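**Q** Mind having a look at this structure? Questions to follow.
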Amino acid sequence: MADKKKKSTAQTETANAAQAVEDAETNEQVSADEVAELRASLEALQAELAAANDKYLRMIAEYDNFRKRSAHDRELACAEATETALKNILPIGDNLARAAQFTDPASVAKGIEMMQKGFAEALASMGIEEIDAKGQPFDPELHNAVMHVEDESLGENVVADVLQKGYKRGDRVLRYAMVTVAN
């Protein structure tokens with residue numbers, strides 16, 4: 001804002017100086033020294049205006065470059081995060097394909113167990129942890145109560161059962177644990 005005021009003041013002063021030079025040239029009573037002085041003043045003001053204009057244009061170009069660079073960096077970070085997540089999850093798909101080839105129940109059970117372990121490792125590598133719910137006090141910040149049961153062996157507002165696991169990353173909940181609350 002200050003640059004705009006300075007720029008418009010410089011433009012006004014330049015216009016006034018130019019008018020003064022023009023008036024001095026048409027007025028025969030003004031000496032040649034005064035005309036030269038006015039011309040020097042006009043040239044100085046024009047140089048100041050050109051410098052201010054150049055600074056303004058450079059600032060606009062710099063901001064535009066910053067905006068483009070920031071957008072590019074955001075896109076790059078998003079693509080990198082997606083790539084990392086997919087690299088962690090793809091082995092689980094491979095294990096699913098391998099498990100589908102087996103028919104005996106023991107091999108299928110072992111394959112499912114290995115996939116669960118691989119899934120937990122993939123989540124852990126991305127900083128995602130399971131929300132511990134069963135037997136814990138009900139916390140609406142972490143749990144989504146969908147059922148209520150009476151169970152005297154559990155305390156008041158204690159999670160009796162987990163219907164669907166919840167996950168969080170740091171302090172941010174990705175999915176609330178779907179739970180049954182006792183009493």
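Residues in the structure tokens are numbered from 1 in each chain, the chains being A, B, ... in the order shown, and ligands are numbered from 1 in the order shown.
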Excluding Leu163 of chain A and its own-chain neighbours fewer than 2 positions away, which residues fall within 8 Å of it when counting only C-alpha atoms? Please give them as a count of residues only.

**A** 6

**Q** At a cut-off of 10 Å, can you tabulate as a Markdown table every residue of segment 156-175 of chain A near segment 112-123 of chain A together with its closest atom pair and the distance in Å to one decimal, using only C-alpha atoms and ordering rows by chain then number?

**A**
```
| residue | atom | partner | partner_atom | distance |
| --- | --- | --- | --- | --- |
| A:Tyr167 | CA | A:Leu123 | CA | 9.2 |
| A:Lys168 | CA | A:Leu123 | CA | 10.0 |
| A:Arg169 | CA | A:Leu123 | CA | 9.4 |
```

**Q** I'd like to know which of A:Ser153, A:Ser107, A:Asn144, A:Thr84 is closest to Tyr176 of chain A, using only C-alpha atoms.

**A** A:Asn144

**Q** If you count only C-alpha atoms, which residues fall within 9 Å of Ala160 of chain A, apart from same-chain ones fewer than 3 positions away, as a VMD selection string?

**A** chain A and resid 133 to 136 148 to 149 151 154 157 179 to 182

**Q** Taking into account only C-alpha atoms, which residue in the set A:Ala71, A:Met126, A:Ala44, A:Ala51 is nearest to Leu86 of chain A?

**A**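 For Leu86 of chain A, the nearest of the candidates is A:Met126.
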
**Q** In segment 83-183 of chain A, what's alpha helix (DSSP H) per DSSP? Answer as a ChimeraX atom specification?

**A** /A:83-100,105-125

**Q** For the atom pair atom CA of Asp139 of chain A and atom CA of Ser125 of chain A, what is the interatomic distance in Å to one decimal place?

**A**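 We find that atom CA of Asp139 of chain A and atom CA of Ser125 of chain A lie 26.0 Å from each other.
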
**Q** May I have the residues within 12 Å of Arg172 of chain A as a list in words, using only C-alpha atoms and disregarding those fewer than 4 positions away in the same chain?

**A** Gly127, Ile128, Glu129, Glu130, Ile131, Glu141, Leu142, Gly166, Tyr167, Lys168 and Tyr176 of chain A

**Q** Would you give me, as a PyMOL selection string, the residues in segment 7-140 of chain A that DSSP reads as strand (DSSP E or B)?

**A** chain A and resi 128-130+137

**Q** Restricting the calculation to only C-alpha atoms: of A:Phe138, A:Glu34, A:Ala52, A:Lys110, which residue gets closest to Glu156 of chain A?

**A** A:Phe138
